[in-house]
Number of protein chains: 2
Amino acid sequence: MTIHDVAKQAGVSITTVSHSLNGKGVVAAATRQHVVDVAASMGYSADAIARGLRSSRLGVLGLVIRPLDSLDSYQPVGVDYFMRFAGAAAVEALDRGFGLMLVRDPTTSRVPDIALAVDGFVISDPIGNDPVIALLNRNDIPLVTVGRDVEHPEFTDWVGTGANADCAAIIAHLCERGAKSIAIVTGTDVNSWNIDSETTYLSWAAEQGQPVILYRQDETSGEAGGRAVAEEMLASESPIPDAVYCLTGRHAAGLQTRLQEAGYSIPADVLVVAGSDSEQTRNSSPPITSVDLMPERTAREAVALLVRRLEGDTDLTPPLIENELRIRESTNRHVN
Amino acid sequence: MTIHDVAKQAGVSITTVSHSLNGKGVVAAATRQHVVDVAASMGYSADAIARGLRSSRLGVLGLVIRPLDSLDSYQPVGVDYFMRFAGAAAVEALDRGFGLMLVRDPTTSRVPDIALAVDGFVISDPIGNDPVIALLNRNDIPLVTVGRDVEHPEFTDWVGTGANADCAAIIAHLCERGAKSIAIVTGTDVNSWNIDSETTYLSWAAEQGQPVILYRQDETSGEAGGRAVAEEMLASESPIPDAVYCLTGRHAAGLQTRLQEAGYSIPADVLVVAGSDSEQTRNSSPPITSVDLMPERTAREAVALLVRRLEGDTDLTPPLIENELRIRESTNRHVN
DNA sequence: GCAGTATCCCAAAACGTTTTGTTAAATCTA
DNA sequence: TAGATTTAACAAAACGTTTTGGGATACTGC
């Protein structure tokens with residue numbers, strides 16, 4: 001069933017069918033309606049591939065979630081956030097008439113060539129000077145990132161808060177709850193989330209004359225990584241900080257558990273906060289105060305932005321997502 | 001950069017280029033090598049869309065996760081299993097040279113027409129007489145399901161255990177740990193997981209002359225749903241069962257918490273088991289014994305099966321995935 | 001009544017491949 | 001050496017659309 005069949009059935013040329021269905025050319029209203037009716041009655045819908053060939057617009061968006069590329073195969077992890085992100089992105093794409101294709105790092109290994117045929121990409125948490133971005137730029141494929149490429153401040157098509165605000169809010173919250181020495185535990189990926197958080201923390205410490213207590217721990221290490229950091233703290237000469245800000249929820253959960261095992265009470269002795277809400281932060285005891293990164297909202301905004309770019313909307317300021325601090329038991333300590 | 005450019009550069013016809021690159025026709029070895037070299041040096045790779053048009057093979061697989069379609073928009077969580085499933089499916093597809101497209105129920109609303117242009121579909125947990133399957137069949141799109149369509153026993157291209165084995169294993173485990181009255185809590189979706197589990201449970205009860213204690217609770221209700229079931233049990237005239245088998249991890253977690261609040265001890269008073277391992281079962285206290293549904297392995301097998309079908313491998317028995325029982329504290333009660 | 005102008009429609013080109021059928025040259029057979 | 005066969009390459013068709021550049025036909029204005 002092709003456009004030719006519809007044309008024959010409706011007694012017009014294929015040009016007229018195409019124009020009628022796409023509202024493109026100039027067609028008499030009656031004719032257009034007739035064609036539309038016939039097409040509908042035949043259950044015709046244009047072949048997406050043929051259309052794609054002619055108009056080089058496939059109707060598919062690519063999604064690359066960079067942090068997952070450092071994993072062996074998406075296997076373990078607390079991927080809560082990314083599933084919700086991917087799911088919401090798919091829904092938003094579908095709502096706007098696009099499919100959403102999940103892609104792993106297209107620079108490595110054999111790229112299935114379809115990957116470079118998509119209309120545009122959403123790249124979540126690019127690393128500095130991201131080679132994926134370079135590849136897409138070489139191929140003139142439009143893209144939107146979630147979080148900045150820290151090495152390319154001139155690129156503005158990105159969505160998110162940039163973590164600065166989150167970090168500041170967390171520090172403020174901890175101070176308000178009486179924290180005197182605040183430690184931070186970042187990840188090791190070179191993305192804007194890690195970089196910006198660290199920067200904000202360092203400049204706060206410098207300004208306020210606070211001690212810098214900084215740990216870096218591989219994101220993929222999960223709870224075990226959090227425990228390892230706690231171990232370091234316990235082994236150290238200096239006293240345990242009275243507040244710890246872990247960027248990932250899993251680090252926070254592991255660290256909290258280890259500190260409790262060592263006899264510290266949360267939140268009485270140590271305040272614990274996570275920069276990313278997850279199953280682990282919600283289900284720990286006590287539940288851990290953390291930043292809700294709003295994966296659904298962020299994904300939808302990113303896809304929406306990309307689609308509008310694809311449609312030629314050029315002057316468009318990316319939305320700023322305002323994350324929300326979920327205050328829980330792990331920082332429930334009141335001071336006056 | 002098209003095949004024409006390569007042909008010109010190599011001094012041959014486009015036919016020869018195509019044949020050389022695809023190993024199709026009969027080309028002198030020297031010529032073929034020359035063409036391959038030239039193409040490589042130019043960084044040429046065939047346009048996936050044009051190829052798709054000619055050979056009606058796009059290089060993309062569709063993935064529909066049916067249980068997510070009952071949700072408003074992938075929003076709520078507890079989707080641990082499905083994220084891991086989708087991620088692993090994407091990896092496997094990519095490894096085999098395909099892209100993977102996430103699609104919502106293509107029968108509702110405006111289907112982006114690209115959805116029907118993909119080469120094949122993986123459908124996770126189809127419901128009985130699934131309209132999605134009907135649609136795909138009408139369009140001659142190959143598909144593989146994860147879990148059976150319970151109304152179509154003649155369809156054999158599905159992957160998974162069918163839940164019968166899992167249910168039997170769980171009951172055996174509970175009996176071994178001294179359970180006398182076993183309750184089951186199923187979901188409400190009409191998929192093979194629910195149906196088979198219930199059937200197995202009922203026939204076990206009939207055979208052994210055991211009482212039937214059956215609750216059904218909407219899958220999407222999560223922990224709250226589990227609590228609601230516990231509430232029913234507490235309100236009931238009959239005594240609390242001494243073992244409860246919830247199909248979903250979230251139900252199990254909620255139910256366990258509520259029973260504990262009511263003064264029951266797990267596992268001393270009540271054994272709790274979940275049919276699906278998740279963050280909730282791992283992180284509850286005590287951690288809940290549950291079936292690891294092996295999302296990664298299942299996804300990979302499903303994709304592999306579909307790809308082999310697409311490649312014309314016709315006599316292929318779908319692999320049987322053997323799930324594993326993760327025994328945890330919630331059933332740690334020994335009897336002699 | 002005739003040039004000029006809208007209006008409506010269509011034939012054909014184009015998109016970049018793969019595949020079919022044909023031709024030319026080289027090799028074999030008797 | 002004439003004919004048959006094999007080998008190697010290519011021209012052209014086909015895939016199903018969208019878009020371009022005309023052509024009819026019917027209206028205007030003078």
# chains A, B, ... in the order shown; residues from 1 in each chain; ligands from 1

call {"tool": "calpha_fit_and_write", "arguments": {"fixed": "chain B", "moving": "chain A", "output": "mmCIF file with C-alpha atoms, in the first residue's frame"}}
result
data_model
loop_
_atom_site.group_PDB
_atom_site.id
_atom_site.type_symbol
_atom_site.label_atom_id
_atom_site.label_comp_id
_atom_site.auth_asym_id
_atom_site.auth_seq_id
_atom_site.Cartn_x
_atom_site.Cartn_y
_atom_site.Cartn_z
ATOM 1 C CA MET A 1 29.530 12.006 0.560
ATOM 2 C CA THR A 2 27.704 9.260 -1.248
ATOM 3 C CA ILE A 3 28.440 5.986 -2.921
ATOM 4 C CA HIS A 4 28.922 7.945 -6.121
ATOM 5 C CA ASP A 5 31.858 9.830 -4.683
ATOM 6 C CA VAL A 6 33.494 6.602 -3.648
ATOM 7 C CA ALA A 7 32.872 5.119 -7.086
ATOM 8 C CA LYS A 8 34.440 8.110 -8.805
ATOM 9 C CA GLN A 9 37.411 8.122 -6.480
ATOM 10 C CA ALA A 10 37.992 4.415 -6.927
ATOM 11 C CA GLY A 11 37.369 4.549 -10.668
ATOM 12 C CA VAL A 12 34.599 1.967 -10.666
ATOM 13 C CA SER A 13 30.813 1.935 -10.876
ATOM 14 C CA ILE A 14 28.552 2.340 -7.914
ATOM 15 C CA THR A 15 27.430 -1.230 -8.408
ATOM 16 C CA THR A 16 30.947 -2.418 -7.819
ATOM 17 C CA VAL A 17 31.267 -0.249 -4.754
ATOM 18 C CA SER A 18 28.059 -1.605 -3.306
ATOM 19 C CA HIS A 19 29.053 -5.172 -4.062
ATOM 20 C CA SER A 20 32.524 -4.736 -2.683
ATOM 21 C CA LEU A 21 31.354 -3.216 0.536
ATOM 22 C CA ASN A 22 28.599 -5.693 1.139
ATOM 23 C CA GLY A 23 30.403 -8.762 -0.123
ATOM 24 C CA LYS A 24 27.466 -9.467 -2.358
ATOM 25 C CA GLY A 25 28.135 -9.787 -6.088
ATOM 26 C CA VAL A 26 31.164 -11.232 -7.802
ATOM 27 C CA VAL A 27 34.073 -8.819 -7.739
ATOM 28 C CA ALA A 28 37.755 -9.485 -8.347
ATOM 29 C CA ALA A 29 39.542 -9.703 -5.027
ATOM 30 C CA ALA A 30 41.951 -6.927 -5.935
ATOM 31 C CA THR A 31 39.162 -4.599 -6.997
ATOM 32 C CA ARG A 32 37.188 -5.304 -3.872
ATOM 33 C CA GLN A 33 40.150 -4.563 -1.665
ATOM 34 C CA HIS A 34 40.845 -1.372 -3.539
ATOM 35 C CA VAL A 35 37.281 -0.178 -3.131
ATOM 36 C CA VAL A 36 37.273 -1.055 0.533
ATOM 37 C CA ASP A 37 40.481 0.888 1.040
ATOM 38 C CA VAL A 38 39.224 3.926 -0.802
ATOM 39 C CA ALA A 39 35.945 3.907 1.105
ATOM 40 C CA ALA A 40 37.771 3.605 4.389
ATOM 41 C CA SER A 41 40.154 6.414 3.533
ATOM 42 C CA MET A 42 37.227 8.642 2.679
ATOM 43 C CA GLY A 43 35.423 7.644 5.843
ATOM 44 C CA TYR A 44 32.424 6.593 3.842
ATOM 45 C CA SER A 45 29.559 4.674 5.343
ATOM 46 C CA ALA A 46 26.310 3.950 3.611
ATOM 47 C CA ASP A 47 23.285 6.030 4.435
ATOM 48 C CA ALA A 48 21.102 3.915 6.641
ATOM 49 C CA ILE A 49 17.888 5.450 5.406
ATOM 50 C CA ALA A 50 18.588 4.947 1.737
ATOM 51 C CA ARG A 51 19.603 1.388 2.435
ATOM 52 C CA GLY A 52 16.467 0.937 4.464
ATOM 53 C CA LEU A 53 14.325 2.162 1.615
ATOM 54 C CA ARG A 54 15.832 -0.219 -0.873
ATOM 55 C CA SER A 55 16.064 -3.277 1.307
ATOM 56 C CA SER A 56 13.285 -2.458 3.750
ATOM 57 C CA ARG A 57 15.577 -3.182 6.631
ATOM 58 C CA LEU A 58 16.144 -0.204 8.861
ATOM 59 C CA GLY A 59 18.479 -1.611 11.429
ATOM 60 C CA VAL A 60 16.292 -0.692 14.368
ATOM 61 C CA LEU A 61 14.404 -2.802 16.853
ATOM 62 C CA GLY A 62 11.404 -1.607 18.796
ATOM 63 C CA LEU A 63 10.941 -2.288 22.488
ATOM 64 C CA VAL A 64 7.559 -2.087 24.154
ATOM 65 C CA ILE A 65 7.362 -2.593 27.877
ATOM 66 C CA ARG A 66 3.679 -3.240 28.392
ATOM 67 C CA PRO A 67 3.431 -2.749 32.131
ATOM 68 C CA LEU A 68 4.690 0.786 31.684
ATOM 69 C CA ASP A 69 1.811 1.566 29.360
ATOM 70 C CA SER A 70 -0.654 1.367 32.207
ATOM 71 C CA LEU A 71 1.239 4.192 33.863
ATOM 72 C CA ASP A 72 0.582 7.836 33.282
ATOM 73 C CA SER A 73 4.037 8.515 31.971
ATOM 74 C CA TYR A 74 6.734 6.206 33.265
ATOM 75 C CA GLN A 75 6.898 8.562 36.225
ATOM 76 C CA PRO A 76 6.932 6.827 39.571
ATOM 77 C CA VAL A 77 7.227 3.102 40.079
ATOM 78 C CA GLY A 78 9.921 0.750 41.031
ATOM 79 C CA VAL A 79 11.194 0.508 37.541
ATOM 80 C CA ASP A 80 14.466 -0.952 38.533
ATOM 81 C CA TYR A 81 13.747 -4.119 36.620
ATOM 82 C CA PHE A 82 12.669 -2.402 33.438
ATOM 83 C CA MET A 83 15.566 0.007 33.292
ATOM 84 C CA ARG A 84 17.994 -2.814 33.564
ATOM 85 C CA PHE A 85 15.983 -4.666 30.957
ATOM 86 C CA ALA A 86 15.928 -1.746 28.542
ATOM 87 C CA GLY A 87 19.592 -0.968 29.066
ATOM 88 C CA ALA A 88 20.693 -4.515 28.465
ATOM 89 C CA ALA A 89 18.434 -4.794 25.437
ATOM 90 C CA ALA A 90 19.987 -1.649 23.989
ATOM 91 C CA VAL A 91 23.481 -2.974 24.499
ATOM 92 C CA GLU A 92 22.691 -6.303 22.938
ATOM 93 C CA ALA A 93 20.978 -4.646 19.986
ATOM 94 C CA LEU A 94 23.892 -2.311 19.431
ATOM 95 C CA ASP A 95 26.325 -5.209 19.654
ATOM 96 C CA ARG A 96 24.434 -6.850 16.847
ATOM 97 C CA GLY A 97 24.346 -3.772 14.682
ATOM 98 C CA PHE A 98 20.832 -2.650 15.518
ATOM 99 C CA GLY A 99 19.509 0.409 17.229
ATOM 100 C CA LEU A 100 16.862 0.028 19.902
ATOM 101 C CA MET A 101 13.831 2.259 19.945
ATOM 102 C CA LEU A 102 11.705 2.687 23.026
ATOM 103 C CA VAL A 103 8.046 2.837 22.090
ATOM 104 C CA ARG A 104 4.870 3.246 24.037
ATOM 105 C CA ASP A 105 1.796 1.292 23.146
ATOM 106 C CA PRO A 106 1.655 1.852 19.378
ATOM 107 C CA THR A 107 -2.064 1.170 19.171
ATOM 108 C CA THR A 108 -3.112 4.272 21.055
ATOM 109 C CA SER A 109 -3.067 7.810 19.787
ATOM 110 C CA ARG A 110 -0.933 8.913 16.907
ATOM 111 C CA VAL A 111 1.768 6.384 16.282
ATOM 112 C CA PRO A 112 4.846 8.122 14.951
ATOM 113 C CA ASP A 113 4.941 6.219 11.680
ATOM 114 C CA ILE A 114 8.571 5.378 12.225
ATOM 115 C CA ALA A 115 7.391 2.907 14.846
ATOM 116 C CA LEU A 116 5.982 0.661 12.191
ATOM 117 C CA ALA A 117 9.091 0.906 10.067
ATOM 118 C CA VAL A 118 11.360 -0.910 12.477
ATOM 119 C CA ASP A 119 12.587 -4.360 11.677
ATOM 120 C CA GLY A 120 11.129 -6.160 14.642
ATOM 121 C CA PHE A 121 9.763 -5.802 18.128
ATOM 122 C CA VAL A 122 10.451 -7.065 21.579
ATOM 123 C CA ILE A 123 7.346 -6.922 23.719
ATOM 124 C CA SER A 124 7.822 -7.329 27.413
ATOM 125 C CA ASP A 125 4.984 -8.879 29.397
ATOM 126 C CA PRO A 126 2.159 -8.764 26.858
ATOM 127 C CA ILE A 127 -1.353 -8.874 28.194
ATOM 128 C CA GLY A 128 -3.877 -11.463 27.077
ATOM 129 C CA ASN A 129 -4.901 -11.014 23.414
ATOM 130 C CA ASP A 130 -2.559 -8.093 23.297
ATOM 131 C CA PRO A 131 -3.705 -5.469 20.761
ATOM 132 C CA VAL A 132 -0.118 -4.454 20.186
ATOM 133 C CA ILE A 133 0.662 -7.929 18.962
ATOM 134 C CA ALA A 134 -2.393 -7.866 16.747
ATOM 135 C CA LEU A 135 -1.293 -4.576 15.217
ATOM 136 C CA LEU A 136 2.196 -5.827 14.519
ATOM 137 C CA ASN A 137 0.890 -9.030 13.018
ATOM 138 C CA ARG A 138 -1.363 -7.062 10.702
ATOM 139 C CA ASN A 139 1.700 -5.181 9.515
ATOM 140 C CA ASP A 140 3.836 -8.302 9.192
ATOM 141 C CA ILE A 141 6.371 -7.091 11.710
ATOM 142 C CA PRO A 142 8.276 -9.895 13.394
ATOM 143 C CA LEU A 143 8.194 -9.944 17.146
ATOM 144 C CA VAL A 144 9.397 -11.756 20.194
ATOM 145 C CA THR A 145 7.716 -11.519 23.567
ATOM 146 C CA VAL A 146 9.015 -11.808 27.087
ATOM 147 C CA GLY A 147 6.408 -13.864 28.845
ATOM 148 C CA ARG A 148 3.555 -15.449 26.912
ATOM 149 C CA ASP A 149 0.394 -13.913 25.628
ATOM 150 C CA VAL A 150 -1.812 -16.161 27.734
ATOM 151 C CA GLU A 151 -4.509 -16.266 25.092
ATOM 152 C CA HIS A 152 -2.172 -17.465 22.366
ATOM 153 C CA PRO A 153 -0.509 -20.666 23.450
ATOM 154 C CA GLU A 154 0.326 -21.447 19.835
ATOM 155 C CA PHE A 155 2.771 -18.574 19.660
ATOM 156 C CA THR A 156 6.130 -19.877 20.785
ATOM 157 C CA ASP A 157 8.556 -17.046 20.167
ATOM 158 C CA TRP A 158 8.800 -15.977 23.736
ATOM 159 C CA VAL A 159 11.506 -15.894 26.336
ATOM 160 C CA GLY A 160 11.280 -16.510 30.066
ATOM 161 C CA THR A 161 10.279 -19.144 32.532
ATOM 162 C CA GLY A 162 6.585 -18.535 32.531
ATOM 163 C CA ALA A 163 6.590 -18.084 36.281
ATOM 164 C CA ASN A 164 5.384 -21.609 36.983
ATOM 165 C CA ALA A 165 8.803 -22.783 37.983
ATOM 166 C CA ASP A 166 9.400 -19.702 40.118
ATOM 167 C CA CYS A 167 6.161 -20.099 41.949
ATOM 168 C CA ALA A 168 6.780 -23.760 42.605
ATOM 169 C CA ALA A 169 10.276 -23.043 43.864
ATOM 170 C CA ILE A 170 9.005 -20.378 46.209
ATOM 171 C CA ILE A 171 6.305 -22.566 47.635
ATOM 172 C CA ALA A 172 8.813 -25.358 48.127
ATOM 173 C CA HIS A 173 11.155 -22.965 49.875
ATOM 174 C CA LEU A 174 8.422 -21.695 52.172
ATOM 175 C CA CYS A 175 7.310 -25.212 53.039
ATOM 176 C CA GLU A 176 10.854 -26.201 53.779
ATOM 177 C CA ARG A 177 11.062 -23.265 56.155
ATOM 178 C CA GLY A 178 8.022 -24.476 57.975
ATOM 179 C CA ALA A 179 5.202 -22.478 56.439
ATOM 180 C CA LYS A 180 1.755 -23.869 57.229
ATOM 181 C CA SER A 181 -0.549 -21.335 55.601
ATOM 182 C CA ILE A 182 0.761 -19.550 52.533
ATOM 183 C CA ALA A 183 -0.894 -16.448 51.087
ATOM 184 C CA ILE A 184 -0.235 -15.097 47.604
ATOM 185 C CA VAL A 185 -0.535 -11.490 46.428
ATOM 186 C CA THR A 186 -0.705 -11.116 42.660
ATOM 187 C CA GLY A 187 -1.004 -8.107 40.384
ATOM 188 C CA THR A 188 -4.035 -7.237 38.310
ATOM 189 C CA ASP A 189 -2.518 -7.117 34.796
ATOM 190 C CA VAL A 190 -3.576 -10.026 32.628
ATOM 191 C CA ASN A 191 -0.124 -11.258 31.772
ATOM 192 C CA SER A 192 1.405 -14.676 31.978
ATOM 193 C CA TRP A 193 3.336 -13.811 35.087
ATOM 194 C CA ASN A 194 0.225 -13.156 37.119
ATOM 195 C CA ILE A 195 -1.863 -15.884 35.546
ATOM 196 C CA ASP A 196 0.733 -18.621 35.749
ATOM 197 C CA SER A 197 1.681 -17.783 39.311
ATOM 198 C CA GLU A 198 -1.902 -17.881 40.419
ATOM 199 C CA THR A 199 -2.584 -21.118 38.578
ATOM 200 C CA THR A 200 0.424 -22.818 40.052
ATOM 201 C CA TYR A 201 -0.482 -21.640 43.519
ATOM 202 C CA LEU A 202 -4.089 -22.768 43.195
ATOM 203 C CA SER A 203 -3.236 -26.214 41.921
ATOM 204 C CA TRP A 204 -0.667 -26.653 44.668
ATOM 205 C CA ALA A 205 -3.269 -25.671 47.249
ATOM 206 C CA ALA A 206 -5.800 -28.051 45.732
ATOM 207 C CA GLU A 207 -3.341 -30.923 45.603
ATOM 208 C CA GLN A 208 -2.091 -30.453 49.116
ATOM 209 C CA GLY A 209 -5.445 -29.576 50.572
ATOM 210 C CA GLN A 210 -4.064 -26.230 51.669
ATOM 211 C CA PRO A 211 -6.289 -23.208 52.233
ATOM 212 C CA VAL A 212 -6.343 -20.649 49.425
ATOM 213 C CA ILE A 213 -5.429 -17.171 50.618
ATOM 214 C CA LEU A 214 -5.364 -15.005 47.526
ATOM 215 C CA TYR A 215 -5.147 -11.247 47.216
ATOM 216 C CA ARG A 216 -4.998 -9.198 44.041
ATOM 217 C CA GLN A 217 -3.499 -5.745 44.076
ATOM 218 C CA ASP A 218 -2.779 -3.258 41.307
ATOM 219 C CA GLU A 219 0.910 -3.416 40.345
ATOM 220 C CA THR A 220 1.250 0.332 40.223
ATOM 221 C CA SER A 221 0.164 0.776 43.818
ATOM 222 C CA GLY A 222 3.665 0.018 45.052
ATOM 223 C CA GLU A 223 4.453 -0.105 48.766
ATOM 224 C CA ALA A 224 1.110 1.488 49.584
ATOM 225 C CA GLY A 225 -0.590 -1.431 47.862
ATOM 226 C CA GLY A 226 1.411 -3.848 49.978
ATOM 227 C CA ARG A 227 0.380 -2.022 53.123
ATOM 228 C CA ALA A 228 -3.239 -2.154 52.006
ATOM 229 C CA VAL A 229 -3.080 -5.922 51.679
ATOM 230 C CA ALA A 230 -1.520 -6.189 55.128
ATOM 231 C CA GLU A 231 -4.351 -4.057 56.425
ATOM 232 C CA GLU A 232 -6.874 -6.445 54.954
ATOM 233 C CA MET A 233 -5.125 -9.363 56.586
ATOM 234 C CA LEU A 234 -5.103 -7.623 59.953
ATOM 235 C CA ALA A 235 -8.758 -6.699 59.661
ATOM 236 C CA SER A 236 -9.787 -10.204 58.659
ATOM 237 C CA GLU A 237 -11.283 -12.696 61.089
ATOM 238 C CA SER A 238 -8.853 -15.414 60.078
ATOM 239 C CA PRO A 239 -5.406 -15.435 61.628
ATOM 240 C CA ILE A 240 -2.502 -13.874 59.747
ATOM 241 C CA PRO A 241 -0.959 -16.377 57.320
ATOM 242 C CA ASP A 242 2.484 -17.509 58.394
ATOM 243 C CA ALA A 243 3.956 -16.912 54.927
ATOM 244 C CA VAL A 244 3.154 -14.380 52.223
ATOM 245 C CA TYR A 245 4.311 -14.485 48.633
ATOM 246 C CA CYS A 246 3.983 -11.118 46.892
ATOM 247 C CA LEU A 247 4.719 -11.083 43.194
ATOM 248 C CA THR A 248 6.138 -7.573 43.185
ATOM 249 C CA GLY A 249 8.980 -6.400 45.362
ATOM 250 C CA ARG A 250 7.213 -3.209 46.311
ATOM 251 C CA HIS A 251 4.128 -5.005 47.536
ATOM 252 C CA ALA A 252 6.325 -7.269 49.602
ATOM 253 C CA ALA A 253 8.208 -4.355 51.146
ATOM 254 C CA GLY A 254 5.074 -2.432 52.015
ATOM 255 C CA LEU A 255 3.332 -5.464 53.407
ATOM 256 C CA GLN A 256 6.307 -6.430 55.520
ATOM 257 C CA THR A 257 6.608 -2.966 57.017
ATOM 258 C CA ARG A 258 2.935 -2.838 57.904
ATOM 259 C CA LEU A 259 2.984 -6.247 59.542
ATOM 260 C CA GLN A 260 6.012 -5.220 61.586
ATOM 261 C CA GLU A 261 4.229 -2.078 62.693
ATOM 262 C CA ALA A 262 1.378 -4.306 63.854
ATOM 263 C CA GLY A 263 3.783 -6.179 66.055
ATOM 264 C CA TYR A 264 4.592 -9.179 63.905
ATOM 265 C CA SER A 265 8.181 -10.203 63.525
ATOM 266 C CA ILE A 266 9.703 -11.210 60.189
ATOM 267 C CA PRO A 267 10.698 -13.998 59.762
ATOM 268 C CA ALA A 268 9.801 -15.386 63.196
ATOM 269 C CA ASP A 269 6.038 -14.887 62.859
ATOM 270 C CA VAL A 270 5.630 -14.469 59.119
ATOM 271 C CA LEU A 271 7.821 -15.421 56.193
ATOM 272 C CA VAL A 272 7.826 -12.891 53.358
ATOM 273 C CA VAL A 273 8.895 -13.562 49.774
ATOM 274 C CA ALA A 274 8.800 -11.487 46.597
ATOM 275 C CA GLY A 275 8.516 -12.769 43.054
ATOM 276 C CA SER A 276 10.631 -9.991 41.658
ATOM 277 C CA ASP A 277 13.886 -8.768 43.120
ATOM 278 C CA SER A 278 14.225 -5.010 43.388
ATOM 279 C CA GLU A 279 15.761 -2.209 45.371
ATOM 280 C CA GLN A 280 12.921 -2.544 47.835
ATOM 281 C CA THR A 281 13.490 -6.202 48.575
ATOM 282 C CA ARG A 282 17.219 -5.735 48.961
ATOM 283 C CA ASN A 283 16.924 -2.694 51.196
ATOM 284 C CA SER A 284 14.084 -3.668 53.473
ATOM 285 C CA SER A 285 14.875 -4.745 56.974
ATOM 286 C CA PRO A 286 15.072 -7.573 57.047
ATOM 287 C CA PRO A 287 16.034 -7.966 53.375
ATOM 288 C CA ILE A 288 13.386 -9.954 51.535
ATOM 289 C CA THR A 289 13.969 -13.290 49.859
ATOM 290 C CA SER A 290 13.028 -12.942 46.217
ATOM 291 C CA VAL A 291 13.333 -14.215 42.693
ATOM 292 C CA ASP A 292 15.993 -12.564 40.596
ATOM 293 C CA LEU A 293 14.262 -12.299 37.249
ATOM 294 C CA MET A 294 17.572 -11.715 35.516
ATOM 295 C CA PRO A 295 16.543 -8.715 33.501
ATOM 296 C CA GLU A 296 19.887 -8.384 31.738
ATOM 297 C CA ARG A 297 20.064 -11.983 30.700
ATOM 298 C CA THR A 298 16.429 -12.076 29.649
ATOM 299 C CA ALA A 299 16.735 -8.906 27.596
ATOM 300 C CA ARG A 300 19.821 -10.117 25.817
ATOM 301 C CA GLU A 301 18.274 -13.454 25.001
ATOM 302 C CA ALA A 302 15.120 -11.818 23.708
ATOM 303 C CA VAL A 303 17.032 -9.468 21.441
ATOM 304 C CA ALA A 304 19.305 -12.250 20.278
ATOM 305 C CA LEU A 305 16.325 -14.404 19.434
ATOM 306 C CA LEU A 306 14.652 -11.614 17.514
ATOM 307 C CA VAL A 307 17.761 -10.821 15.538
ATOM 308 C CA ARG A 308 18.258 -14.429 14.598
ATOM 309 C CA ARG A 309 14.657 -14.593 13.464
ATOM 310 C CA LEU A 310 15.181 -11.501 11.357
ATOM 311 C CA GLU A 311 18.171 -13.132 9.787
ATOM 312 C CA GLY A 312 15.965 -15.951 8.647
ATOM 313 C CA ASP A 313 16.938 -18.522 11.243
ATOM 314 C CA THR A 314 13.632 -20.301 11.360
ATOM 315 C CA ASP A 315 14.039 -23.402 13.490
ATOM 316 C CA LEU A 316 15.137 -21.920 16.728
ATOM 317 C CA THR A 317 13.895 -22.903 20.120
ATOM 318 C CA PRO A 318 13.702 -19.915 22.416
ATOM 319 C CA PRO A 319 16.001 -20.242 25.398
ATOM 320 C CA LEU A 320 14.569 -20.960 28.791
ATOM 321 C CA ILE A 321 15.796 -18.457 31.324
ATOM 322 C CA GLU A 322 16.371 -19.996 34.725
ATOM 323 C CA ASN A 323 15.674 -17.431 37.360
ATOM 324 C CA GLU A 324 17.440 -17.618 40.682
ATOM 325 C CA LEU A 325 16.030 -17.479 44.161
ATOM 326 C CA ARG A 326 17.905 -14.992 46.339
ATOM 327 C CA ILE A 327 17.424 -16.255 49.836
ATOM 328 C CA ARG A 328 17.575 -13.533 52.438
ATOM 329 C CA GLU A 329 16.757 -12.808 56.027
ATOM 330 C CA SER A 330 12.978 -12.609 55.550
ATOM 331 C CA THR A 331 12.743 -16.397 55.278
ATOM 332 C CA ASN A 332 15.622 -17.245 57.573
ATOM 333 C CA ARG A 333 13.757 -19.514 59.909
ATOM 334 C CA HIS A 334 14.980 -23.041 60.426
ATOM 335 C CA VAL A 335 12.851 -25.991 61.334
ATOM 336 C CA ASN A 336 13.548 -29.642 61.770
#

call {"tool": "select_by_dssp", "arguments": {"residues": "stretch 256-312 of chain B", "states": "strand (DSSP E)", "output": "list in words"}}
result
Leu271, Val272, Val273, Ala274, Thr289, Ser290, Val291 and Asp292 of chain B

call {"tool": "atom_distance", "arguments": {"atom1": "atom C1' of D:DT6", "atom2": "atom C1' of C:DT27"}}
result
7.0 Å

call {"tool": "closest_atom_pairs", "arguments": {"of": "chain D", "to": "chain B", "cutoff": "12 Å", "atoms": "only C-alpha atoms (C1' of nucleotides)", "output": "CSV"}}
result
residue,atom,partner,partner_atom,distance
D:DT6,C1',B:Val26,CA,11.6
D:DT7,C1',B:Val26,CA,8.3
D:DA8,C1',B:Val27,CA,6.3
D:DA9,C1',B:Thr16,CA,7.1
D:DC10,C1',B:Ser13,CA,6.2
D:DA11,C1',B:Ser13,CA,9.1
D:DA12,C1',B:Thr15,CA,10.8
D:DA13,C1',B:Arg54,CA,11.7
D:DA14,C1',B:Arg54,CA,7.8
D:DC15,C1',B:Arg54,CA,4.6
D:DG16,C1',B:Leu53,CA,7.7
D:DT17,C1',B:Leu53,CA,9.9

call {"tool": "select_by_dssp", "arguments": {"residues": "stretch 133-287 of chain A", "states": "alpha helix (DSSP H)", "output": "NGL selection string"}}
result
:A and (133-138 or 164-176 or 192-208 or 222-235 or 249-261 or 279-283)

call {"tool": "residues_around", "arguments": {"residues": "D:DG3", "least_positions_apart": "6", "cutoff": "12 Å", "atoms": "only C-alpha atoms (C1' of nucleotides)", "output": "PyMOL selection string"}}
result
chain C and resi 28-30
